[in-house]
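Below is start27.pdb, holding PDB, C-alpha atoms and all ligand atoms.
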ATOM      1  CA  MET A  14     214.825   8.723 174.956
ATOM      2  CA  THR A  15     215.920   8.218 171.386
ATOM      3  CA  ASP A  16     219.592   9.096 171.887
ATOM      4  CA  LEU A  17     219.948   5.950 173.972
ATOM      5  CA  ALA A  18     220.498   2.616 172.254
ATOM      6  CA  ILE A  19     219.784   0.759 175.491
ATOM      7  CA  HIS A  20     217.803   1.979 178.479
ATOM      8  CA  THR A  21     216.941  -0.321 181.355
ATOM      9  CA  GLN A  22     215.411   0.283 184.752
ATOM     10  CA  GLY A  23     215.592  -2.364 187.445
ATOM     11  CA  MET A  24     216.397  -5.157 184.970
ATOM     12  CA  THR A  25     216.422  -8.319 187.063
ATOM     13  CA  ARG A  26     216.644 -12.033 186.334
ATOM     14  CA  ARG A  27     216.222 -14.792 188.878
ATOM     15  CA  PHE A  28     216.935 -18.480 188.380
ATOM     16  CA  GLY A  29     215.127 -20.098 191.317
ATOM     17  CA  SER A  30     216.591 -18.487 194.419
ATOM     18  CA  LEU A  31     219.652 -17.142 192.556
ATOM     19  CA  VAL A  32     219.488 -13.499 191.479
ATOM     20  CA  ALA A  33     221.724 -13.606 188.384
ATOM     21  CA  VAL A  34     221.072  -9.949 187.446
ATOM     22  CA  ASP A  35     219.942  -7.618 190.191
ATOM     23  CA  GLN A  36     218.174  -4.303 189.471
ATOM     24  CA  LEU A  37     220.405  -3.234 186.615
ATOM     25  CA  ASP A  38     219.925   0.347 185.363
ATOM     26  CA  LEU A  39     221.656   1.095 182.068
ATOM     27  CA  ALA A  40     221.668   4.163 179.832
ATOM     28  CA  ILE A  41     223.903   3.459 176.852
ATOM     29  CA  PRO A  42     224.170   6.254 174.274
ATOM     30  CA  LYS A  43     223.864   5.445 170.591
ATOM     31  CA  GLY A  44     227.159   5.228 168.734
ATOM     32  CA  SER A  45     229.235   4.279 171.764
ATOM     33  CA  ILE A  46     231.147   1.200 172.865
ATOM     34  CA  TYR A  47     229.988   0.126 176.306
ATOM     35  CA  GLY A  48     231.592  -2.633 178.362
ATOM     36  CA  PHE A  49     230.406  -5.078 180.986
ATOM     37  CA  LEU A  50     233.438  -5.843 183.122
ATOM     38  CA  GLY A  51     233.332  -8.605 185.699
ATOM     39  CA  PRO A  52     234.394 -12.125 186.610
ATOM     40  CA  ASN A  53     232.735 -15.357 185.452
ATOM     41  CA  GLY A  54     229.226 -15.717 186.780
ATOM     42  CA  CYS A  55     228.616 -12.016 187.539
ATOM     43  CA  GLY A  56     225.659 -11.853 185.153
ATOM     44  CA  LYS A  57     227.147 -10.466 181.928
ATOM     45  CA  SER A  58     225.752 -13.137 179.583
ATOM     46  CA  THR A  59     222.384 -13.196 181.311
ATOM     47  CA  SER A  60     222.129  -9.408 180.873
ATOM     48  CA  ILE A  61     223.009  -9.666 177.191
ATOM     49  CA  ARG A  62     220.482 -12.446 176.674
ATOM     50  CA  MET A  63     217.775 -10.255 178.195
ATOM     51  CA  LEU A  64     218.793  -7.231 176.094
ATOM     52  CA  THR A  65     218.622  -9.296 172.905
ATOM     53  CA  GLY A  66     215.128 -10.484 173.799
ATOM     54  CA  LEU A  67     216.182 -14.133 174.108
ATOM     55  CA  LEU A  68     215.498 -14.312 177.833
ATOM     56  CA  ARG A  69     212.661 -12.605 179.674
ATOM     57  CA  PRO A  70     213.558 -10.467 182.671
ATOM     58  CA  SER A  71     211.926 -11.467 185.963
ATOM     59  CA  SER A  72     211.219  -7.765 186.466
ATOM     60  CA  GLY A  73     212.241  -4.354 185.168
ATOM     61  CA  GLN A  74     211.898  -2.281 182.021
ATOM     62  CA  ILE A  75     214.001  -2.604 178.866
ATOM     63  CA  GLN A  76     214.030  -0.166 175.962
ATOM     64  CA  VAL A  77     216.146  -0.914 172.912
ATOM     65  CA  LEU A  78     216.716   1.556 170.054
ATOM     66  CA  GLY A  79     213.998   3.782 171.454
ATOM     67  CA  GLN A  80     211.311   1.072 171.741
ATOM     68  CA  PRO A  81     210.130  -1.195 174.539
ATOM     69  CA  LEU A  82     211.716  -4.603 173.965
ATOM     70  CA  ALA A  83     208.710  -6.514 175.304
ATOM     71  CA  GLY A  84     206.406  -7.224 172.377
ATOM     72  CA  ASN A  85     208.919  -5.913 169.789
ATOM     73  CA  GLU A  86     211.534  -8.655 170.082
ATOM     74  CA  GLU A  87     211.331  -9.832 166.471
ATOM     75  CA  PRO A  88     211.595  -6.483 164.636
ATOM     76  CA  LEU A  89     214.228  -5.235 167.074
ATOM     77  CA  ARG A  90     216.294  -8.397 166.748
ATOM     78  CA  ARG A  91     216.635  -7.735 163.029
ATOM     79  CA  ARG A  92     218.414  -4.497 163.942
ATOM     80  CA  MET A  93     220.818  -6.253 166.320
ATOM     81  CA  GLY A  94     223.815  -8.540 165.938
ATOM     82  CA  TYR A  95     224.795 -10.976 168.690
ATOM     83  CA  MET A  96     228.064 -12.837 168.906
ATOM     84  CA  THR A  97     227.616 -15.367 171.681
ATOM     85  CA  GLN A  98     230.407 -16.665 173.886
ATOM     86  CA  LYS A  99     232.528 -19.216 172.017
ATOM     87  CA  PHE A 100     230.710 -18.139 168.856
ATOM     88  CA  SER A 101     231.748 -20.535 166.144
ATOM     89  CA  LEU A 102     231.184 -20.849 162.463
ATOM     90  CA  TYR A 103     230.815 -24.061 160.520
ATOM     91  CA  ASP A 104     234.329 -25.499 160.365
ATOM     92  CA  ASN A 105     233.513 -27.705 157.393
ATOM     93  CA  LEU A 106     232.059 -24.888 155.294
ATOM     94  CA  SER A 107     234.242 -22.439 153.367
ATOM     95  CA  VAL A 108     234.406 -18.744 154.228
ATOM     96  CA  ASP A 109     232.039 -17.994 151.338
ATOM     97  CA  GLU A 110     229.600 -20.741 152.328
ATOM     98  CA  ASN A 111     229.541 -19.603 155.946
ATOM     99  CA  LEU A 112     228.632 -16.050 154.942
ATOM    100  CA  ALA A 113     226.092 -17.215 152.362
ATOM    101  CA  PHE A 114     224.461 -19.326 155.065
ATOM    102  CA  VAL A 115     224.228 -16.373 157.453
ATOM    103  CA  ALA A 116     222.931 -14.156 154.628
ATOM    104  CA  ARG A 117     220.063 -16.599 154.069
ATOM    105  CA  ILE A 118     219.174 -16.488 157.763
ATOM    106  CA  TYR A 119     218.853 -12.705 157.475
ATOM    107  CA  GLY A 120     216.788 -12.995 154.303
ATOM    108  CA  LEU A 121     219.491 -11.559 152.058
ATOM    109  CA  ALA A 122     219.605 -13.264 148.666
ATOM    110  CA  GLY A 123     220.840 -12.956 145.080
ATOM    111  CA  GLN A 124     222.910  -9.957 144.039
ATOM    112  CA  ARG A 125     222.285  -8.117 147.298
ATOM    113  CA  ALA A 126     223.788 -10.962 149.318
ATOM    114  CA  LYS A 127     226.683 -11.338 146.898
ATOM    115  CA  ARG A 128     227.493  -7.615 147.016
ATOM    116  CA  ARG A 129     227.391  -7.499 150.794
ATOM    117  CA  ILE A 130     229.551 -10.623 151.136
ATOM    118  CA  ASP A 131     232.114  -9.205 148.687
ATOM    119  CA  GLU A 132     232.147  -5.964 150.625
ATOM    120  CA  LEU A 133     232.728  -7.753 153.948
ATOM    121  CA  LEU A 134     235.411 -10.036 152.534
ATOM    122  CA  GLY A 135     237.279  -6.917 151.391
ATOM    123  CA  LEU A 136     236.726  -5.071 154.642
ATOM    124  CA  TYR A 137     237.867  -7.972 156.810
ATOM    125  CA  GLU A 138     240.755  -8.979 154.529
ATOM    126  CA  LEU A 139     239.371 -12.420 153.756
ATOM    127  CA  ALA A 140     238.998 -12.124 149.972
ATOM    128  CA  GLY A 141     241.981 -14.432 149.398
ATOM    129  CA  GLN A 142     240.430 -17.144 151.572
ATOM    130  CA  ARG A 143     236.957 -17.394 150.104
ATOM    131  CA  ARG A 144     237.244 -21.111 149.450
ATOM    132  CA  GLN A 145     239.199 -22.027 152.552
ATOM    133  CA  MET A 146     237.399 -24.137 155.173
ATOM    134  CA  ALA A 147     236.660 -22.019 158.237
ATOM    135  CA  GLY A 148     238.080 -24.755 160.470
ATOM    136  CA  SER A 149     241.547 -24.423 158.940
ATOM    137  CA  MET A 150     241.894 -20.670 159.504
ATOM    138  CA  SER A 151     243.986 -18.977 162.195
ATOM    139  CA  GLY A 152     242.366 -17.608 165.358
ATOM    140  CA  GLY A 153     242.560 -14.043 164.077
ATOM    141  CA  GLN A 154     241.021 -14.940 160.714
ATOM    142  CA  LYS A 155     238.195 -16.831 162.403
ATOM    143  CA  GLN A 156     237.582 -13.789 164.556
ATOM    144  CA  ARG A 157     237.361 -11.544 161.464
ATOM    145  CA  LEU A 158     235.007 -14.008 159.779
ATOM    146  CA  ALA A 159     232.839 -14.059 162.911
ATOM    147  CA  LEU A 160     232.658 -10.263 162.889
ATOM    148  CA  ALA A 161     231.786 -10.289 159.177
ATOM    149  CA  ALA A 162     228.999 -12.809 159.858
ATOM    150  CA  VAL A 163     227.520 -10.925 162.792
ATOM    151  CA  THR A 164     227.522  -7.597 160.905
ATOM    152  CA  LEU A 165     226.264  -8.992 157.592
ATOM    153  CA  HIS A 166     222.819  -7.429 158.035
ATOM    154  CA  SER A 167     224.376  -4.064 159.080
ATOM    155  CA  PRO A 168     222.987  -4.085 162.626
ATOM    156  CA  GLU A 169     222.604  -0.813 164.502
ATOM    157  CA  LEU A 170     223.347  -2.506 167.805
ATOM    158  CA  LEU A 171     225.983  -5.166 168.279
ATOM    159  CA  PHE A 172     226.360  -7.461 171.314
ATOM    160  CA  LEU A 173     229.680  -9.215 171.733
ATOM    161  CA  ASP A 174     229.959 -11.679 174.624
ATOM    162  CA  GLU A 175     233.633 -12.106 175.559
ATOM    163  CA  PRO A 176     234.632 -11.904 171.906
ATOM    164  CA  THR A 177     238.403 -12.050 172.290
ATOM    165  CA  SER A 178     238.908 -14.774 174.883
ATOM    166  CA  ALA A 179     240.421 -17.054 172.208
ATOM    167  CA  VAL A 180     242.744 -14.647 170.369
ATOM    168  CA  ASP A 181     246.253 -13.351 171.070
ATOM    169  CA  PRO A 182     246.972  -9.720 172.109
ATOM    170  CA  GLN A 183     247.934  -8.613 168.579
ATOM    171  CA  ASN A 184     244.675  -9.934 167.116
ATOM    172  CA  ARG A 185     242.770  -8.512 170.041
ATOM    173  CA  ARG A 186     244.164  -5.050 169.256
ATOM    174  CA  GLU A 187     243.215  -5.366 165.588
ATOM    175  CA  PHE A 188     239.766  -6.606 166.512
ATOM    176  CA  TRP A 189     239.236  -3.485 168.629
ATOM    177  CA  GLU A 190     240.336  -1.250 165.784
ATOM    178  CA  ARG A 191     237.572  -2.820 163.735
ATOM    179  CA  LEU A 192     235.074  -2.221 166.505
ATOM    180  CA  PHE A 193     236.003   1.457 166.494
ATOM    181  CA  ASP A 194     235.512   1.522 162.700
ATOM    182  CA  LEU A 195     231.997   0.136 163.195
ATOM    183  CA  CYS A 196     231.371   2.610 165.986
ATOM    184  CA  ALA A 197     232.500   5.495 163.765
ATOM    185  CA  GLN A 198     229.806   4.444 161.302
ATOM    186  CA  GLY A 199     227.191   4.771 164.039
ATOM    187  CA  THR A 200     226.956   1.218 165.387
ATOM    188  CA  THR A 201     226.430   0.917 169.134
ATOM    189  CA  ILE A 202     228.446  -1.912 170.640
ATOM    190  CA  LEU A 203     227.989  -3.653 173.968
ATOM    191  CA  VAL A 204     230.903  -5.916 174.814
ATOM    192  CA  SER A 205     231.419  -8.129 177.842
ATOM    193  CA  THR A 206     234.903  -8.880 179.053
ATOM    194  CA  HIS A 207     237.010  -9.839 182.007
ATOM    195  CA  TYR A 208     240.106  -8.173 180.563
ATOM    196  CA  MET A 209     240.993  -4.805 182.083
ATOM    197  CA  ASP A 210     242.805  -3.571 178.976
ATOM    198  CA  GLU A 211     239.755  -4.302 176.885
ATOM    199  CA  ALA A 212     237.415  -2.551 179.324
ATOM    200  CA  GLU A 213     239.700   0.466 179.302
ATOM    201  CA  ARG A 214     239.078   0.938 175.578
ATOM    202  CA  CYS A 215     235.309   1.366 176.075
ATOM    203  CA  HIS A 216     233.627   4.776 176.099
ATOM    204  CA  GLY A 217     231.659   3.705 179.143
ATOM    205  CA  LEU A 218     231.481   0.620 181.279
ATOM    206  CA  ALA A 219     229.676  -1.118 184.092
ATOM    207  CA  ILE A 220     231.722  -2.946 186.688
ATOM    208  CA  MET A 221     229.642  -5.957 187.726
ATOM    209  CA  GLU A 222     229.783  -8.254 190.714
ATOM    210  CA  LYS A 223     227.249 -10.932 191.657
ATOM    211  CA  GLY A 224     224.614  -9.542 189.313
ATOM    212  CA  GLN A 225     224.948  -5.969 190.557
ATOM    213  CA  LYS A 226     226.458  -2.929 188.940
ATOM    214  CA  LYS A 227     229.129  -1.620 191.277
ATOM    215  CA  ALA A 228     230.335   1.311 189.171
ATOM    216  CA  ASP A 229     229.368   2.956 185.899
ATOM    217  CA  GLY A 230     231.122   5.610 183.851
ATOM    218  CA  ALA A 231     233.945   6.356 181.466
ATOM    219  CA  PRO A 232     237.165   4.539 182.462
ATOM    220  CA  GLY A 233     238.973   7.866 183.009
ATOM    221  CA  GLN A 234     236.144   9.196 185.189
ATOM    222  CA  LEU A 235     236.070   6.016 187.259
ATOM    223  CA  MET A 236     239.812   6.197 187.826
ATOM    224  CA  ALA A 237     239.635   9.893 188.778
ATOM    225  CA  ALA A 238     236.754   9.315 191.192
ATOM    226  CA  MET A 239     238.234   6.264 192.880
ATOM    227  CA  GLY A 240     237.979   6.380 196.674
ATOM    228  CA  ALA A 241     241.598   5.437 197.205
ATOM    229  CA  ARG A 242     245.154   6.569 196.430
ATOM    230  CA  VAL A 243     247.733   4.261 194.936
ATOM    231  CA  VAL A 244     251.260   3.956 196.299
ATOM    232  CA  GLU A 245     253.955   1.662 194.973
ATOM    233  CA  VAL A 246     256.576   0.318 197.372
ATOM    234  CA  ALA A 247     259.933  -1.018 196.163
ATOM    235  CA  GLY A 248     262.525  -2.885 198.207
ATOM    236  CA  GLU A 249     263.180  -6.194 199.981
ATOM    237  CA  GLY A 250     260.714  -8.578 201.655
ATOM    238  CA  LEU A 251     257.598  -7.503 199.771
ATOM    239  CA  ARG A 252     255.654 -10.728 200.427
ATOM    240  CA  GLN A 253     255.957 -10.222 204.168
ATOM    241  CA  LEU A 254     255.194  -6.500 203.896
ATOM    242  CA  LYS A 255     252.082  -7.303 201.916
ATOM    243  CA  GLN A 256     250.781  -9.491 204.757
ATOM    244  CA  GLN A 257     251.465  -6.736 207.303
ATOM    245  CA  LEU A 258     249.862  -3.980 205.262
ATOM    246  CA  GLN A 259     246.761  -6.008 204.496
ATOM    247  CA  GLU A 260     246.056  -6.215 208.238
ATOM    248  CA  LEU A 261     245.524  -2.443 208.309
ATOM    249  CA  PRO A 262     241.914  -1.325 207.722
ATOM    250  CA  GLN A 263     243.117   1.741 205.794
ATOM    251  CA  VAL A 264     244.794  -0.520 203.215
ATOM    252  CA  LEU A 265     242.151  -1.652 200.746
ATOM    253  CA  SER A 266     244.479  -3.908 198.837
ATOM    254  CA  ALA A 267     248.156  -4.758 198.438
ATOM    255  CA  ALA A 268     249.347  -6.655 195.391
ATOM    256  CA  GLN A 269     252.780  -7.395 194.008
ATOM    257  CA  ILE A 270     253.361  -6.201 190.455
ATOM    258  CA  GLY A 271     256.836  -7.318 189.393
ATOM    259  CA  SER A 272     259.339  -5.916 191.902
ATOM    260  CA  ARG A 273     256.891  -3.438 193.466
ATOM    261  CA  LEU A 274     254.005  -3.708 195.866
ATOM    262  CA  ARG A 275     250.940  -1.775 194.731
ATOM    263  CA  VAL A 276     249.072  -0.511 197.764
ATOM    264  CA  LEU A 277     245.591   1.045 197.697
ATOM    265  CA  VAL A 278     245.198   3.395 200.630
ATOM    266  CA  SER A 279     241.787   4.696 201.671
ATOM    267  CA  GLN A 280     241.153   8.304 200.723
ATOM    268  CA  ASP A 281     240.491   9.045 204.419
ATOM    269  CA  ILE A 282     244.268   9.229 204.724
ATOM    270  CA  GLY A 283     245.172  12.758 203.624
ATOM    271  CA  ASP A 284     248.847  12.078 202.880
ATOM    272  CA  PRO A 285     249.282   8.385 202.003
ATOM    273  CA  LEU A 286     253.050   8.688 201.491
ATOM    274  CA  ALA A 287     253.632  10.201 204.950
ATOM    275  CA  TRP A 288     251.238   7.642 206.462
ATOM    276  CA  LEU A 289     252.961   4.666 204.837
ATOM    277  CA  LYS A 290     256.570   5.819 205.354
ATOM    278  CA  PRO A 291     256.988   4.575 208.955
ATOM    279  CA  ARG A 292     255.229   1.308 208.035
ATOM    280  CA  VAL A 293     257.564   0.240 205.224
ATOM    281  CA  GLY A 294     261.034   0.656 206.803
ATOM    282  CA  GLN A 295     263.846   1.475 204.381
ATOM    283  CA  ARG A 296     261.838   0.751 201.260
ATOM    284  CA  THR A 297     261.084   3.483 198.710
ATOM    285  CA  LEU A 298     257.617   4.878 198.037
ATOM    286  CA  ALA A 299     255.974   6.627 195.093
ATOM    287  CA  GLU A 300     252.379   7.646 194.483
ATOM    288  CA  VAL A 301     251.147   6.517 191.051
ATOM    289  CA  ARG A 302     248.022   7.011 188.930
ATOM    290  CA  PRO A 303     245.153   4.575 189.470
ATOM    291  CA  SER A 304     244.477   1.905 186.863
ATOM    292  CA  LEU A 305     241.164   0.350 185.933
ATOM    293  CA  GLU A 306     242.142  -2.738 187.899
ATOM    294  CA  ASP A 307     242.467  -0.520 190.995
ATOM    295  CA  VAL A 308     238.941   0.785 190.314
ATOM    296  CA  PHE A 309     237.737  -2.785 189.964
ATOM    297  CA  VAL A 310     239.341  -3.777 193.279
ATOM    298  CA  THR A 311     237.962  -0.787 195.195
ATOM    299  CA  SER A 312     234.455  -0.994 193.756
ATOM    300  CA  THR A 313     233.991  -4.738 194.171
ATOM    301  CA  GLY A 314     235.832  -5.228 197.442
ATOM    302  CA  GLY A 315     237.866  -7.780 195.519
ATOM    303  CA  ARG A 316     241.602  -8.236 195.599
ATOM    304  CA  HIS A 317     244.271  -7.608 193.034
ATOM    305  CA  VAL A 318     245.512 -10.731 191.324
ATOM    306  CA  ALA A 319     248.683 -11.256 193.344
TER     307      ALA A 319
HETATM  308  N1  LIG B   1     219.693 -20.939 182.665
HETATM  309  C1  LIG B   1     220.222 -20.807 183.876
HETATM  310  N2  LIG B   1     219.738 -21.507 184.926
HETATM  311  C2  LIG B   1     220.252 -21.369 186.165
HETATM  312  N3  LIG B   1     221.279 -20.525 186.462
HETATM  313  C3  LIG B   1     221.798 -19.798 185.465
HETATM  314  C4  LIG B   1     221.301 -19.890 184.127
HETATM  315  N4  LIG B   1     222.030 -19.053 183.348
HETATM  316  C5  LIG B   1     222.917 -18.456 184.155
HETATM  317  N5  LIG B   1     222.793 -18.906 185.428
HETATM  318  C6  LIG B   1     223.577 -18.454 186.602
HETATM  319  O1  LIG B   1     223.489 -17.050 186.673
HETATM  320  C7  LIG B   1     224.718 -16.490 187.088
HETATM  321  C8  LIG B   1     225.208 -15.491 186.049
HETATM  322  O2  LIG B   1     225.631 -16.193 184.892
HETATM  323  P1  LIG B   1     226.142 -15.489 183.565
HETATM  324  O3  LIG B   1     226.421 -16.551 182.554
HETATM  325  O4  LIG B   1     225.225 -14.399 183.199
HETATM  326  O5  LIG B   1     227.509 -14.854 184.061
HETATM  327  P2  LIG B   1     228.689 -14.239 183.201
HETATM  328  O6  LIG B   1     229.110 -13.024 183.926
HETATM  329  O7  LIG B   1     228.293 -14.090 181.793
HETATM  330  O8  LIG B   1     229.800 -15.323 183.339
HETATM  331  P3  LIG B   1     230.476 -16.240 182.229
HETATM  332  O9  LIG B   1     231.502 -15.405 181.624
HETATM  333  O10 LIG B   1     231.014 -17.393 183.016
HETATM  334  O11 LIG B   1     229.357 -16.630 181.303
HETATM  335  C9  LIG B   1     225.672 -17.657 187.319
HETATM  336  O12 LIG B   1     225.654 -17.971 188.686
HETATM  337  C10 LIG B   1     225.052 -18.761 186.483
HETATM  338  O13 LIG B   1     225.363 -20.031 187.020
END

Re-express the file's structure as structure tokens.
Amino acid sequence: MTDLAIHTQGMTRRFGSLVAVDQLDLAIPKGSIYGFLGPNGCGKSTSIRMLTGLLRPSSGQIQVLGQPLAGNEEPLRRRMGYMTQKFSLYDNLSVDENLAFVARIYGLAGQRAKRRIDELLGLYELAGQRRQMAGSMSGGQKQRLALAAVTLHSPELLFLDEPTSAVDPQNRREFWERLFDLCAQGTTILVSTHYMDEAERCHGLAIMEKGQKKADGAPGQLMAAMGARVVEVAGEGLRQLKQQLQELPQVLSAAQIGSRLRVLVSQDIGDPLAWLKPRVGQRTLAEVRPSLEDVFVTSTGGRHVA
């Protein structure tokens, strides 16, 4: 299918007896931002390495930009950009030199390279720092330079492996604005993250656990389809209440968020407020909308960070 940037069926990678990625089916539309959400070790990087053609799958089919990846790795890789985890530039080269170096790798030279570098320096607000050493720049500037470098050859498909783990929330927000600019120009972006807020910005996402996809869809859809209702309890003695509620099989999770206890009640309970009322004493109750973290907890059988 040509409207898919990435299409996999049963993509699997084993390392000895460990199944790092287990039967992953993906259908990522062109021009969208798609997220891999999951904890360390769940197989995000291994999946990205397979999709970029750097690592062979143990089994399964992979199509990238409408072509089978196997046998077409080289030409397809020229149409992709890949920012690895802890991607770093050369600290002891200037901004200009870093981009010129990357341009050479992509076979861009002379006036063409110069024009593209000028364009990117303008776009990523780095024109005033051309001669500054990359190592002396702020985290946000380094991030912008990294994005300039990885998009220098105007890739159609961009892979970003935990791109914002080293930047503050303000820079993270700006970085995402730039991703949406790229997306608006038709670039497909696959981004791995363990931040809920970041995953929530994606058009679609896969929730991963131990190499398996546990849920797939738009964040809003996943929240609407969650198999649990969310009730917040306010009052005294929440730590003790949490212990009591977690004993109940109908309570999927209970986690303290500030001065409230966030309780996920199985959807088998028709009226979660009426069901909880006698179990929480004098405390107050309110049903609230699910968050992506709630979806993560219910789909992975994990626990809220509490
Ligand atoms: N080359 C390798 N040899 C053996 N095991 C590996 C190899 N690469 C990854 N693994 C294992 O595969 C599993 C998935 O790792 P992967 O790096 O894909 O996870 P991740 O979700 O990207 O996590 P992180 O954010 O920590 O990189 C882990 O258990 C990891 O130890």

Exercise. The PyMOL selection byres (((chain A and resi 39) around 9) and not hetatm) on the file shown: which residues, as a ChimeraX atom specification?
Worked result: /A:19-24,37-38,40-41,219,229

Exercise. With all atoms listed in the file as the basis for distance, which of A:Phe188, A:Tyr208, A:Phe309, A:Trp288 is at the shortest distance from ligand LIG 1 (chain B)?
Worked result: A:Tyr208

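Comparing A:Asn184, A:Ser58, A:Gln142, A:Thr25 by their smallest distance to Gln156 in chain A, the closest is A:Asn184 (using only C-alpha atoms).
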
Would you kindly return, as a short mmCIF file (atom, residue, chain, number, x, y, z; two decimals) with C-alpha atoms, in the coordinates of the input, each protein, DNA or RNA residue with an atom no farther than 9 Å from any atom of range 134-137 of chain A, considering all atoms listed in the file and excluding same-chain residues fewer than 3 positions away?
data_model
loop_
_atom_site.label_atom_id
_atom_site.label_comp_id
_atom_site.auth_asym_id
_atom_site.auth_seq_id
_atom_site.Cartn_x
_atom_site.Cartn_y
_atom_site.Cartn_z
CA VAL A 108 234.41 -18.74 154.23
CA ASP A 109 232.04 -17.99 151.34
CA ARG A 129 227.39 -7.50 150.79
CA ILE A 130 229.55 -10.62 151.14
CA ASP A 131 232.11 -9.20 148.69
CA ALA A 140 239.00 -12.12 149.97
CA GLY A 141 241.98 -14.43 149.40
CA GLN A 142 240.43 -17.14 151.57
CA ARG A 143 236.96 -17.39 150.10
CA GLN A 154 241.02 -14.94 160.71
CA ARG A 157 237.36 -11.54 161.46
CA LEU A 158 235.01 -14.01 159.78
CA LEU A 160 232.66 -10.26 162.89
CA ALA A 161 231.79 -10.29 159.18
CA ARG A 191 237.57 -2.82 163.74
#

For this session: Pick out the residues no farther than 9 Å from ligand LIG 1 (chain B), counting all atoms listed in the file, and list them as a PyMOL selection string.
Result: chain A and resi 26-29+31-34+49-62+98+174-175+205-207+221-224

In file coordinates, which residues lie within 10 Å of (240.7, -11.9, 166.8) using only C-alpha atoms, given as an mmCIF file with C-alpha atoms, in the coordinates of the input?
data_model
loop_
_atom_site.group_PDB
_atom_site.id
_atom_site.type_symbol
_atom_site.label_atom_id
_atom_site.label_comp_id
_atom_site.auth_asym_id
_atom_site.auth_seq_id
_atom_site.Cartn_x
_atom_site.Cartn_y
_atom_site.Cartn_z
ATOM 1 C CA SER A 151 243.986 -18.977 162.195
ATOM 2 C CA GLY A 152 242.366 -17.608 165.358
ATOM 3 C CA GLY A 153 242.560 -14.043 164.077
ATOM 4 C CA GLN A 154 241.021 -14.940 160.714
ATOM 5 C CA LYS A 155 238.195 -16.831 162.403
ATOM 6 C CA GLN A 156 237.582 -13.789 164.556
ATOM 7 C CA ARG A 157 237.361 -11.544 161.464
ATOM 8 C CA LEU A 158 235.007 -14.008 159.779
ATOM 9 C CA ALA A 159 232.839 -14.059 162.911
ATOM 10 C CA LEU A 160 232.658 -10.263 162.889
ATOM 11 C CA PRO A 176 234.632 -11.904 171.906
ATOM 12 C CA THR A 177 238.403 -12.050 172.290
ATOM 13 C CA SER A 178 238.908 -14.774 174.883
ATOM 14 C CA ALA A 179 240.421 -17.054 172.208
ATOM 15 C CA VAL A 180 242.744 -14.647 170.369
ATOM 16 C CA ASP A 181 246.253 -13.351 171.070
ATOM 17 C CA PRO A 182 246.972 -9.720 172.109
ATOM 18 C CA GLN A 183 247.934 -8.613 168.579
ATOM 19 C CA ASN A 184 244.675 -9.934 167.116
ATOM 20 C CA ARG A 185 242.770 -8.512 170.041
ATOM 21 C CA ARG A 186 244.164 -5.050 169.256
ATOM 22 C CA GLU A 187 243.215 -5.366 165.588
ATOM 23 C CA PHE A 188 239.766 -6.606 166.512
ATOM 24 C CA TRP A 189 239.236 -3.485 168.629
#
